Every structure is written in structure tokens, then in C-alpha cells.
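Raw contents of my_file_8.txt, compact mmCIF, C-alpha atoms and all ligand atoms:
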# COMPACT_ATOMS: atom_id res chain seq x y z
CA MET A 1 0.00 0.00 0.00
CA THR A 2 1.43 3.42 -0.89
CA GLN A 3 1.58 6.01 1.83
CA ASP A 4 0.51 9.55 0.86
CA PRO A 5 3.39 12.03 1.23
CA PRO A 6 3.00 14.18 4.33
CA LEU A 7 1.30 17.53 3.79
CA PRO A 8 3.54 20.61 3.94
CA HIS A 9 3.54 22.41 7.27
CA VAL A 10 2.43 26.03 6.83
CA ALA A 11 2.60 28.42 9.78
CA VAL A 12 0.15 31.33 9.62
CA VAL A 13 1.19 34.49 11.47
CA GLY A 14 -1.69 36.91 12.18
CA LEU A 15 -1.07 40.64 12.52
CA GLY A 16 -4.63 42.03 12.36
CA GLY A 17 -6.01 44.41 9.72
CA THR A 18 -9.19 44.20 7.70
CA ILE A 19 -8.71 40.50 6.97
CA ALA A 20 -9.17 39.83 10.69
CA SER A 21 -11.93 42.34 11.27
CA SER A 22 -15.69 42.08 11.60
CA THR A 23 -18.57 44.30 10.58
CA LEU A 24 -22.19 44.71 11.62
CA ALA A 25 -23.89 43.97 8.30
CA PRO A 26 -22.89 42.09 5.14
CA ASP A 27 -23.07 45.26 3.06
CA ASP A 28 -21.20 47.50 5.52
CA LEU A 29 -17.70 47.70 4.05
CA LEU A 30 -16.43 50.91 5.61
CA THR A 31 -17.29 50.95 9.33
CA TYR A 32 -15.59 47.73 10.27
CA GLY A 33 -13.16 46.90 13.04
CA ALA A 34 -13.38 45.15 16.38
CA PRO A 35 -14.11 42.62 17.62
CA GLY A 36 -11.56 41.05 15.34
CA PHE A 37 -11.09 37.37 14.61
CA HIS A 38 -8.13 35.36 15.92
CA VAL A 39 -6.05 33.82 13.15
CA ASP A 40 -7.18 30.35 14.34
CA GLU A 41 -10.80 31.37 13.73
CA LEU A 42 -9.94 32.38 10.15
CA LEU A 43 -8.20 29.03 9.60
CA GLU A 44 -11.08 27.13 11.18
CA TYR A 45 -13.48 28.74 8.70
CA LEU A 46 -11.37 27.41 5.79
CA ARG A 47 -10.57 24.03 7.37
CA PRO A 48 -12.63 21.86 4.97
CA GLU A 49 -10.83 23.28 1.93
CA LEU A 50 -7.42 23.24 3.62
CA LEU A 51 -7.52 19.67 4.95
CA SER A 52 -5.85 18.30 1.83
CA VAL A 53 -3.55 21.31 1.29
CA ALA A 54 -1.40 21.77 4.40
CA GLU A 55 -0.85 21.05 8.06
CA LEU A 56 -1.55 24.42 9.62
CA ASP A 57 -0.87 26.22 12.79
CA GLY A 58 -1.73 29.80 13.61
CA GLU A 59 0.05 32.35 15.77
CA GLN A 60 -1.46 35.73 16.59
CA VAL A 61 1.57 38.02 16.84
CA LEU A 62 -0.22 41.39 16.65
CA ALA A 63 -3.84 42.50 16.42
CA SER A 64 -3.49 45.98 14.93
CA GLY A 65 -4.20 47.94 11.80
CA SER A 66 -1.08 48.01 9.65
CA SER A 67 -0.90 51.82 9.73
CA THR A 68 -0.28 51.71 13.49
CA LEU A 69 2.78 49.44 13.33
CA SER A 70 6.09 50.78 14.59
CA ILE A 71 9.53 49.70 13.41
CA ALA A 72 9.83 47.79 16.71
CA ASP A 73 6.64 45.91 15.68
CA LEU A 74 8.25 45.07 12.33
CA VAL A 75 11.27 43.66 14.16
CA ARG A 76 8.89 41.52 16.21
CA VAL A 77 7.18 40.26 13.06
CA SER A 78 10.56 39.32 11.55
CA GLU A 79 11.39 37.38 14.72
CA ALA A 80 8.06 35.54 14.56
CA VAL A 81 8.53 34.62 10.90
CA ASN A 82 12.15 33.55 11.45
CA ASP A 83 11.04 31.37 14.39
CA ALA A 84 8.22 29.84 12.33
CA LEU A 85 10.63 29.10 9.48
CA SER A 86 12.79 27.02 11.81
CA THR A 87 10.08 24.33 11.87
CA ALA A 88 7.56 25.09 9.09
CA ASP A 89 7.96 24.49 5.35
CA ALA A 90 6.40 27.87 4.59
CA VAL A 91 4.88 30.88 6.34
CA VAL A 92 1.82 32.98 5.54
CA VAL A 93 1.45 36.41 7.17
CA THR A 94 -2.01 38.00 7.35
CA SER A 95 -1.78 41.77 7.59
CA GLY A 96 -3.67 45.00 7.11
CA SER A 97 -3.49 46.15 3.50
CA ASP A 98 -2.54 49.80 4.09
CA ALA A 99 1.11 49.15 4.90
CA LEU A 100 1.20 45.59 3.59
CA GLU A 101 3.77 46.52 0.94
CA GLU A 102 6.10 47.76 3.66
CA ILE A 103 5.61 44.69 5.86
CA ALA A 104 6.32 42.45 2.86
CA TYR A 105 9.48 44.34 1.85
CA TRP A 106 10.76 44.51 5.44
CA LEU A 107 10.35 40.73 5.69
CA ASP A 108 11.97 40.31 2.27
CA LEU A 109 15.11 41.92 3.70
CA THR A 110 15.06 40.25 7.13
CA VAL A 111 13.98 36.61 6.68
CA PRO A 112 15.54 33.85 4.54
CA ALA A 113 14.32 33.40 0.96
CA ASN A 114 14.80 29.64 0.66
CA ARG A 115 11.26 28.79 1.84
CA PRO A 116 8.03 30.49 0.77
CA VAL A 117 6.94 33.47 2.84
CA ILE A 118 3.62 34.86 1.63
CA VAL A 119 1.90 38.04 2.82
CA THR A 120 -1.81 38.57 2.28
CA GLY A 121 -4.69 40.68 3.56
CA SER A 122 -8.07 41.84 2.37
CA MET A 123 -10.00 44.96 1.47
CA ARG A 124 -13.26 43.76 3.01
CA PRO A 125 -13.88 42.57 6.56
CA PHE A 126 -13.90 38.79 7.01
CA ALA A 127 -17.40 38.39 8.41
CA VAL A 128 -20.36 39.83 10.27
CA ARG A 129 -20.16 39.74 14.07
CA ASP A 130 -22.34 41.16 16.81
CA PRO A 131 -20.02 42.92 19.31
CA GLU A 132 -22.43 41.94 22.11
CA ARG A 133 -22.35 38.24 21.25
CA PRO A 134 -19.09 37.47 19.38
CA SER A 135 -19.35 34.27 17.35
CA PRO A 136 -17.11 32.46 14.84
CA PRO A 137 -17.00 33.86 11.29
CA THR A 138 -20.01 32.20 9.70
CA ARG A 139 -21.80 35.03 7.91
CA LEU A 140 -19.45 36.65 5.40
CA VAL A 141 -19.81 40.14 3.97
CA HIS A 142 -20.85 40.35 0.32
CA GLY A 143 -17.86 39.82 -1.94
CA ALA A 144 -15.58 39.01 1.00
CA ASP A 145 -12.00 38.75 -0.30
CA GLY A 146 -10.44 37.73 3.03
CA PRO A 147 -11.29 34.01 2.86
CA ALA A 148 -10.33 33.84 -0.83
CA ASN A 149 -7.00 35.62 -0.29
CA LEU A 150 -6.12 33.53 2.76
CA LEU A 151 -6.94 30.29 0.95
CA ALA A 152 -4.92 31.42 -2.09
CA ALA A 153 -1.96 32.46 0.09
CA ILE A 154 -1.90 29.09 1.86
CA ARG A 155 -2.13 27.26 -1.47
CA VAL A 156 0.83 29.24 -2.84
CA ALA A 157 2.83 28.68 0.36
CA ALA A 158 2.08 24.94 0.41
CA SER A 159 2.99 24.56 -3.27
CA GLY A 160 6.59 25.57 -2.53
CA VAL A 161 6.72 27.24 -5.97
CA THR A 162 7.98 30.57 -4.64
CA ALA A 163 10.89 29.14 -2.64
CA GLY A 164 13.96 31.23 -3.47
CA GLN A 165 11.88 34.16 -4.78
CA GLY A 166 11.83 36.11 -1.52
CA VAL A 167 8.65 37.33 0.10
CA VAL A 168 5.63 37.23 -2.20
CA VAL A 169 2.34 39.10 -1.80
CA VAL A 170 -0.76 37.12 -2.81
CA PHE A 171 -3.84 39.29 -3.31
CA GLY A 172 -6.75 38.91 -5.74
CA ASP A 173 -5.18 35.69 -7.09
CA LEU A 174 -2.06 37.56 -8.26
CA LEU A 175 1.49 37.01 -6.99
CA HIS A 176 3.71 40.09 -6.58
CA ALA A 177 7.36 40.42 -5.55
CA ALA A 178 7.61 42.24 -2.20
CA ARG A 179 10.11 44.72 -3.59
CA ASP A 180 7.84 45.87 -6.41
CA VAL A 181 4.29 45.74 -5.09
CA VAL A 182 2.38 48.88 -4.04
CA LYS A 183 -1.19 49.60 -2.96
CA ARG A 184 -2.73 51.86 -5.63
CA HIS A 185 -6.33 52.27 -4.49
CA SER A 186 -7.95 52.93 -1.11
CA THR A 187 -11.12 50.83 -1.54
CA LEU A 188 -11.18 48.64 -4.66
CA PRO A 189 -11.05 44.90 -3.95
CA ASP A 190 -7.83 44.38 -5.91
CA PRO A 191 -5.70 47.45 -5.14
CA PHE A 192 -2.17 45.98 -5.50
CA GLU A 193 0.07 46.50 -8.52
CA SER A 194 3.72 46.07 -9.41
CA PRO A 195 3.88 49.15 -11.65
CA ALA A 196 7.20 48.66 -13.41
CA SER A 197 7.51 44.91 -13.52
CA GLY A 198 4.00 43.42 -13.29
CA PRO A 199 3.01 40.48 -11.09
CA ILE A 200 5.25 37.40 -11.01
CA GLY A 201 2.38 34.95 -11.42
CA TYR A 202 -1.20 34.06 -10.65
CA LEU A 203 -3.45 31.32 -9.34
CA PHE A 204 -5.29 29.20 -11.86
CA GLY A 205 -7.88 27.21 -9.96
CA GLY A 206 -5.81 25.86 -7.10
CA SER A 207 -2.51 25.83 -9.03
CA VAL A 208 0.22 28.43 -9.11
CA VAL A 209 1.45 29.76 -12.46
CA LEU A 210 4.80 31.56 -12.17
CA HIS A 211 5.61 33.93 -15.06
CA ARG A 212 9.10 34.90 -14.01
CA HIS A 213 11.71 34.65 -11.30
CA VAL A 214 12.48 37.51 -8.97
CA VAL A 215 15.92 39.09 -9.36
CA ARG A 216 17.29 39.35 -5.83
CA PRO A 217 20.39 40.91 -4.30
CA PRO A 218 23.30 38.44 -4.12
CA GLY A 219 23.49 36.26 -1.01
CA ASP A 220 22.80 32.81 0.44
CA PRO A 221 18.99 32.34 0.25
CA ALA A 222 19.14 30.36 3.52
CA GLU A 223 20.28 33.52 5.31
CA PRO A 224 18.38 36.80 5.60
CA LEU A 225 19.87 39.69 3.61
CA VAL A 226 19.91 41.66 6.89
CA ASN A 227 20.29 39.66 10.08
CA LEU A 228 18.27 41.21 12.88
CA ALA A 229 19.53 38.78 15.53
CA GLY A 230 20.76 40.86 18.44
CA CYS A 231 19.41 43.96 16.72
CA ALA A 232 19.02 47.23 18.52
CA THR A 233 16.24 47.58 21.07
CA ALA A 234 13.17 49.53 20.01
CA ALA A 235 14.55 52.70 21.56
CA GLU A 236 17.77 52.43 19.53
CA LEU A 237 16.15 51.83 16.13
CA PRO A 238 17.17 54.65 13.81
CA ARG A 239 14.46 57.13 12.94
CA VAL A 240 14.14 57.90 9.24
CA GLU A 241 11.55 60.24 7.73
CA ILE A 242 10.26 60.87 4.22
CA LEU A 243 9.76 64.25 2.54
CA VAL A 244 7.99 64.81 -0.76
CA SER A 245 9.33 67.45 -3.13
CA TYR A 246 7.10 69.69 -5.27
CA PRO A 247 7.54 73.05 -6.99
CA GLY A 248 8.16 75.77 -4.42
CA GLY A 249 8.62 73.33 -1.50
CA GLY A 250 10.51 74.76 1.51
CA GLY A 251 13.34 73.25 3.57
CA GLU A 252 12.21 73.95 7.14
CA ALA A 253 11.02 70.37 7.64
CA VAL A 254 14.58 69.14 7.12
CA ASP A 255 15.88 71.39 9.91
CA ALA A 256 13.03 70.31 12.20
CA TYR A 257 13.72 66.62 11.58
CA VAL A 258 17.46 67.09 12.14
CA ALA A 259 16.69 68.88 15.43
CA ALA A 260 14.40 65.97 16.39
CA GLY A 261 17.30 63.54 15.92
CA VAL A 262 16.45 61.71 12.70
CA ARG A 263 19.28 59.50 11.46
CA GLY A 264 18.37 59.69 7.79
CA LEU A 265 15.97 61.23 5.28
CA VAL A 266 14.31 59.99 2.12
CA ILE A 267 13.24 62.61 -0.42
CA ALA A 268 10.64 61.63 -2.99
CA GLY A 269 11.72 63.91 -5.80
CA MET A 270 9.91 64.88 -8.99
CA GLY A 271 10.48 62.73 -12.06
CA LEU A 272 14.15 61.73 -12.08
CA GLY A 273 14.35 62.95 -8.48
CA ALA A 274 14.27 66.74 -8.92
CA ILE A 275 14.13 68.59 -5.58
CA SER A 276 12.82 72.15 -5.12
CA GLN A 277 15.53 74.74 -4.52
CA ASP A 278 14.91 75.43 -0.81
CA LEU A 279 14.44 71.78 0.09
CA ALA A 280 17.60 70.87 -1.83
CA ALA A 281 19.58 73.58 -0.01
CA ALA A 282 18.43 72.35 3.43
CA ALA A 283 18.91 68.68 2.57
CA GLY A 284 22.34 69.40 1.09
CA ARG A 285 23.43 71.12 4.33
CA ALA A 286 22.21 68.13 6.35
CA ALA A 287 24.00 65.69 4.02
CA GLU A 288 27.23 67.67 4.27
CA ASN A 289 26.95 67.35 8.06
CA GLY A 290 26.86 63.56 7.68
CA LEU A 291 23.13 62.79 7.46
CA PRO A 292 22.38 60.11 4.84
CA VAL A 293 19.81 61.57 2.41
CA VAL A 294 18.29 59.15 -0.08
CA CYS A 295 16.58 60.41 -3.21
CA VAL A 296 13.94 58.39 -5.09
CA SER A 297 11.27 59.32 -7.60
CA ARG A 298 7.78 60.29 -6.49
CA SER A 299 6.45 59.22 -9.93
CA GLY A 300 5.29 55.78 -8.79
CA ALA A 301 7.74 53.89 -10.99
CA GLY A 302 11.25 54.48 -12.33
CA SER A 303 14.53 55.55 -10.78
CA ALA A 304 15.99 58.83 -9.56
CA VAL A 305 19.39 60.01 -10.76
CA ALA A 306 22.00 61.65 -8.49
CA LYS A 307 22.55 65.23 -9.67
CA LEU A 308 23.50 67.21 -6.58
CA GLY A 309 26.47 65.20 -5.41
CA TRP A 310 25.26 64.41 -1.90
CA GLU A 311 22.18 62.21 -2.56
CA ILE A 312 22.15 58.44 -2.26
CA VAL A 313 20.10 56.86 -5.07
CA VAL A 314 18.73 53.32 -4.86
CA GLY A 315 17.02 52.70 -8.18
CA ASP A 316 13.26 52.46 -8.48
CA LEU A 317 12.30 51.66 -4.88
CA ALA A 318 9.10 53.32 -3.63
CA PRO A 319 9.85 56.05 -1.04
CA THR A 320 8.29 53.97 1.77
CA LYS A 321 10.53 51.02 0.90
CA ALA A 322 13.65 53.18 0.52
CA ARG A 323 12.94 54.36 4.09
CA LEU A 324 12.91 50.79 5.43
CA LEU A 325 16.10 49.95 3.54
CA LEU A 326 17.78 53.05 5.00
CA ILE A 327 16.70 52.09 8.53
CA LEU A 328 18.22 48.63 8.08
CA ALA A 329 21.39 50.04 6.51
CA LEU A 330 21.74 52.37 9.52
CA LEU A 331 21.52 49.53 12.06
CA GLY A 332 25.26 48.94 11.72
CA GLY A 333 25.86 52.53 12.86
CA GLN A 334 27.89 53.27 9.75
CA SER A 335 29.01 56.47 8.02
CA SER A 336 26.97 57.97 5.21
CA ALA A 337 29.32 56.46 2.59
CA GLN A 338 29.03 52.98 4.15
CA VAL A 339 25.26 53.34 4.37
CA ALA A 340 25.20 54.22 0.66
CA GLN A 341 27.24 51.10 -0.08
CA THR A 342 24.98 48.83 2.00
CA MET A 343 21.86 50.26 0.37
CA SER A 344 23.38 49.86 -3.03
CA ARG A 345 24.18 46.19 -2.34
CA LEU A 346 20.62 45.51 -1.18
CA ALA A 347 18.85 47.40 -3.97
CA MET A 348 17.98 45.36 -7.04
CA PRO A 349 20.98 44.45 -9.22
CA GLY A 350 21.29 46.36 -12.46
CA VAL A 351 19.27 49.45 -11.64
CA PRO A 352 20.92 52.89 -11.51
CA GLY A 353 22.52 53.51 -8.15
CA SER A 354 22.89 49.80 -7.44
CA GLN A 355 26.19 47.97 -7.32
CA GLY A 356 24.60 44.55 -7.60
N1 LIG A 401 -6.92 49.62 8.18
C1 LIG A 401 -6.58 48.45 7.53
C2 LIG A 401 -5.11 48.12 7.76
O1 LIG A 401 -4.83 47.56 8.78
C3 LIG A 401 -6.89 48.45 6.08
C4 LIG A 401 -6.85 47.08 5.53
O2 LIG A 401 -6.42 46.14 6.14
O3 LIG A 401 -7.31 46.94 4.39
O4 LIG A 401 -4.25 48.37 6.97
Step by step, read the file and then write its structure as C-alpha cells.
Amino acid sequence: MTQDPPLPHVAVVGLGGTIASSTLAPDDLLTYGAPGFHVDELLEYLRPELLSVAELDGEQVLASGSSTLSIADLVRVSEAVNDALSTADAVVVTSGSDALEEIAYWLDLTVPANRPVIVTGSMRPFAVRDPERPSPPTRLVHGADGPANLLAAIRVAASGVTAGQGVVVVFGDLLHAARDVVKRHSTLPDPFESPASGPIGYLFGGSVVLHRHVVRPPGDPAEPLVNLAGCATAAELPRVEILVSYPGGGGEAVDAYVAAGVRGLVIAGMGLGAISQDLAAAAGRAAENGLPVVCVSRSGAGSAVAKLGWEIVVGDLAPTKARLLLILALLGGQSSAQVAQTMSRLAMPGVPGSQG
């Protein structure tokens, strides 16, 4: 008699967000929130479909909207995913969608790439729940995308197809590379895009179709690109802020941030990274005093080019992702030149400003 191969072990890490939230009526898609569902309740709802897909266990690490997460929270999420990867074949993270692209990219840099790590969420609450009498998620909202996205994410994780590709976002049956994906709409059910590169694949029925492989910075996929073990305590994590440039923009915010003790700045410049005169003057002074200042494009896709002599450019990263990369590059407490080198190594090979 042949023995069926064991099912892959998928650990599901819950962070909160809309995918874990409840609402009062099946057509109420905007006033949702608490009481939220525990990740085990979400998995229990899908159990019949998942029985033949994976051995699952859930861990509720946070129960917050993604916009409220601090960098210390992100460090905690990395620890949870790294711990889960020591025993599981793959990990799925359920998160709020607002900052999902940042959570995915942070994990991409801080957890190994040799096993699938999938991040998903939803735009609609999971189910209806009476706050007075909380019950399991049985009555879904109309067009609920949470159960579909979670099921799809677990299928992708269990398939093993994305091993080696880094962190992948699964949303609306599309697969996106963490580095490239951005949220482009505040309410539509499928708001994620990878503007320059497109998705890396999609789900067809229950199967995963991969269009292309993700180009990653060089390194051993069994090791994270940035090792957070023994990383700074929350209080020591470097503070980095983002400024957007536009015609006529002033530079006072730079001086205020420097006075507040920021360790680095990201400027989202116009087009190729153009910065208004006053902002450029203030940022240039800060850079000459040793503050790393990264310049990216605010255009939504495409790279900035260094023109002023003091900016660090990192290719076509979104400003929010350039900020996370700068925070991680600063953890070693290096000089501006070393920070530029670290960022360059971790940015995608081949793009302007990258050494890869
Ligand atoms: N407020 C939610 C969040 O945690 C939005 C969502 O999940 O779609 O990001």
C-alpha cells in the first residue's frame, strides 16, 4: 500500500487588519473593526478546503491595523517569521493592506528566501459579528475577499513554488514580488500592482502559475539579507523620515527633523528625483553634516538620478521602501558612505545607483 506524502507544514502568522476584522452587516464595508477574529478562527473557517492542502498552525503576533505598526513591531514580526521558518515548510502572514507593501518588503530583507513566505490581507472585513455576542466567522460580507485571499496564500505557500523568490504578496489571485508591489487604491477589492515589472504569477484554480523569477540581491537564500539577531532595542532603532518634493517646497522640515534627531531622510523627488531649490539647499546642508539623504522618484515607478552630489540613489524603490532599507542600513551605525554602499548592495541588481 502506498503512503501519501505528508502535507507541507504552513505556519500562519496573524497581525490584524481588515482580513481579521468584523462588521455589523454584510453590506457595511467601511465601518468595520473590532471585535476582530483570531487567526485560528480564520483558519477554522477554511478548514474543509485546507484539509488536503497543508498542516496548519496559527500564531497571533499582533492585532493591529497596519498603519499603526512601529519599526519595533516590524522587528517583532521578523522574529516571529524567522522562528516559524525554523520548523515550518512555509509561512503565511495575514496583515492590514494599508502598509502591507512595507511589511512584505521589510520581511523580504530580514527573513531567509529559501522557503516560501507569503503576505496577504483583504479589502473587506472577514465576516459579520455582533459585538455583544461574538461568534465564529459564519456570515461573510458580500464579496468578501479575506477568505479567498487567505486560501490562495496558503495554497501558494504549500505549493513551494515561490521558494527562493523572496517574500511574495498574494492578493486577488495575483502574486507580486515584495520589492515591487504597491497599494494603488484605497477601496477597490484588488488594489495591488507592481507598476514597473508586473506580477510574477497568478493562481489558476488551485494551481500556481509563475511567469518569471524575482531578481534578488546576491546572497545565500538560507540567510536573511539583513540579520536582525541581536538587533538594537526599540529605543535604539534609527528614525528615518520621508519628505515629498514639489515646486516651491521649503526646507524647514529638514531642519526640524534634524533637530528631532532623525538619522536619515528619504526625499521623494519629482520625475528623475528633482528637488525644489529650498528643500535641496536644506537637505544638502544636512547631508554635508553627515546625514544620509536618499533620493527616489515620487512618480510611482522608475529611478531617480544623483545630480546634486550628496544624494544616495537606490534605483526604483518606492519612497516607503527606501525608508525601510535606509533604517536597516543604519543599524550597523555606519558612516553615510558605508550606508550608501549597503543600500546599493541591497537594492535590485542592475538598476541605476545599485552595485549589484
Ligand atoms: N486599516 C486596515 C489596515 O490595517 C486596512 C486594511 O487592512 O485593508 O491596513
Emit as AutoDock Vina command-line options the padded axis-aligned box for all listed atoms of range 279-287 of chain A, 3 Å per side, with centre and edge lengths in Å to one decimal.
--center_x 19.2 --center_y 69.6 --center_z 2.3 --size_x 15.6 --size_y 13.9 --size_z 14.2
Determine, for each residue of range 156-258 of chain A having at least one atom at most 10 Å from an atom of range 78-82 of chain A, the closest pair of atoms and their separation in Å to one decimal, counting only C-alpha atoms; order by chain and ascending number, as CSV.
residue,atom,partner,partner_atom,distance
A:Pro224,CA,A:Asn82,CA,9.1
A:Asn227,CA,A:Ser78,CA,9.8
A:Leu228,CA,A:Ser78,CA,8.0
A:Ala229,CA,A:Glu79,CA,8.3
Close residues, Glu252 in chain A itself excluded, 9 Å, only C-alpha atoms, min 5 positions apart in chain, as a VMD selection string: chain A and resid 257 278 to 279 282
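Comparing the minimum interatomic distances between Val141 in chain A and each of A:Leu175, A:Ala90, A:Ala127, A:Ala306, counting all atoms listed in the file, we find that A:Ala127 sits nearest.
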statement: If you count only C-alpha atoms and all ligand atoms, the residue of A:Thr87, A:Thr162, A:Asn149, A:Thr187 closest to ligand LIG 401 (chain A) turns out to be A:Thr187
Please output range 256-267 of chain A, rebuilt to include all heavy atoms, as a compact mmCIF listing (two decimals), in the coordinates of the input.
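Result saved to result-v9.txt:
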# COMPACT_ATOMS: atom_id res chain seq x y z
N ALA A 256 13.81 70.80 11.06
CA ALA A 256 13.03 70.31 12.20
C ALA A 256 13.34 68.83 12.45
O ALA A 256 13.50 68.40 13.61
CB ALA A 256 11.54 70.50 11.94
N TYR A 257 13.41 68.05 11.40
CA TYR A 257 13.72 66.62 11.58
C TYR A 257 15.14 66.44 12.13
O TYR A 257 15.36 65.59 13.00
CB TYR A 257 13.58 65.87 10.26
CG TYR A 257 12.14 65.45 9.95
CD1 TYR A 257 11.63 65.52 8.66
CD2 TYR A 257 11.31 64.96 10.96
CE1 TYR A 257 10.32 65.12 8.39
CE2 TYR A 257 10.01 64.57 10.69
CZ TYR A 257 9.53 64.65 9.40
OH TYR A 257 8.25 64.25 9.14
N VAL A 258 16.08 67.21 11.63
CA VAL A 258 17.46 67.09 12.14
C VAL A 258 17.46 67.42 13.63
O VAL A 258 18.05 66.70 14.45
CB VAL A 258 18.42 68.00 11.34
CG1 VAL A 258 19.78 68.09 12.02
CG2 VAL A 258 18.58 67.47 9.91
N ALA A 259 16.74 68.50 14.00
CA ALA A 259 16.69 68.88 15.43
C ALA A 259 16.02 67.78 16.25
O ALA A 259 16.35 67.59 17.42
CB ALA A 259 15.93 70.20 15.56
N ALA A 260 15.10 67.05 15.65
CA ALA A 260 14.40 65.97 16.39
C ALA A 260 15.24 64.69 16.47
O ALA A 260 14.82 63.72 17.10
CB ALA A 260 13.07 65.67 15.71
N GLY A 261 16.39 64.68 15.78
CA GLY A 261 17.30 63.54 15.92
C GLY A 261 17.14 62.45 14.88
O GLY A 261 17.58 61.32 15.10
N VAL A 262 16.54 62.77 13.71
CA VAL A 262 16.45 61.71 12.70
C VAL A 262 17.85 61.29 12.27
O VAL A 262 18.79 62.10 12.29
CB VAL A 262 15.63 62.12 11.44
CG1 VAL A 262 14.18 62.36 11.76
CG2 VAL A 262 16.26 63.26 10.72
N ARG A 263 17.97 60.03 11.87
CA ARG A 263 19.28 59.50 11.46
C ARG A 263 19.42 59.44 9.95
O ARG A 263 20.49 59.13 9.43
CB ARG A 263 19.46 58.11 12.06
CG ARG A 263 19.44 58.09 13.60
CD ARG A 263 20.84 58.25 14.16
NE ARG A 263 21.76 57.32 13.51
CZ ARG A 263 21.82 56.01 13.78
NH1 ARG A 263 21.04 55.49 14.71
NH2 ARG A 263 22.68 55.23 13.14
N GLY A 264 18.31 59.69 9.25
CA GLY A 264 18.37 59.69 7.79
C GLY A 264 17.09 60.24 7.21
O GLY A 264 16.06 60.29 7.90
N LEU A 265 17.16 60.70 5.96
CA LEU A 265 15.97 61.23 5.28
C LEU A 265 15.84 60.58 3.91
O LEU A 265 16.85 60.26 3.26
CB LEU A 265 16.10 62.74 5.07
CG LEU A 265 15.91 63.65 6.27
CD1 LEU A 265 16.17 65.10 5.85
CD2 LEU A 265 14.49 63.52 6.84
N VAL A 266 14.59 60.40 3.49
CA VAL A 266 14.31 59.99 2.12
C VAL A 266 13.54 61.14 1.48
O VAL A 266 12.57 61.64 2.07
CB VAL A 266 13.47 58.70 2.07
CG1 VAL A 266 13.03 58.39 0.64
CG2 VAL A 266 14.25 57.53 2.67
N ILE A 267 13.98 61.57 0.31
CA ILE A 267 13.24 62.61 -0.42
C ILE A 267 12.63 61.97 -1.67
O ILE A 267 13.35 61.36 -2.48
CB ILE A 267 14.13 63.80 -0.80
CG1 ILE A 267 14.69 64.44 0.48
CG2 ILE A 267 13.34 64.83 -1.61
CD1 ILE A 267 15.56 65.65 0.26
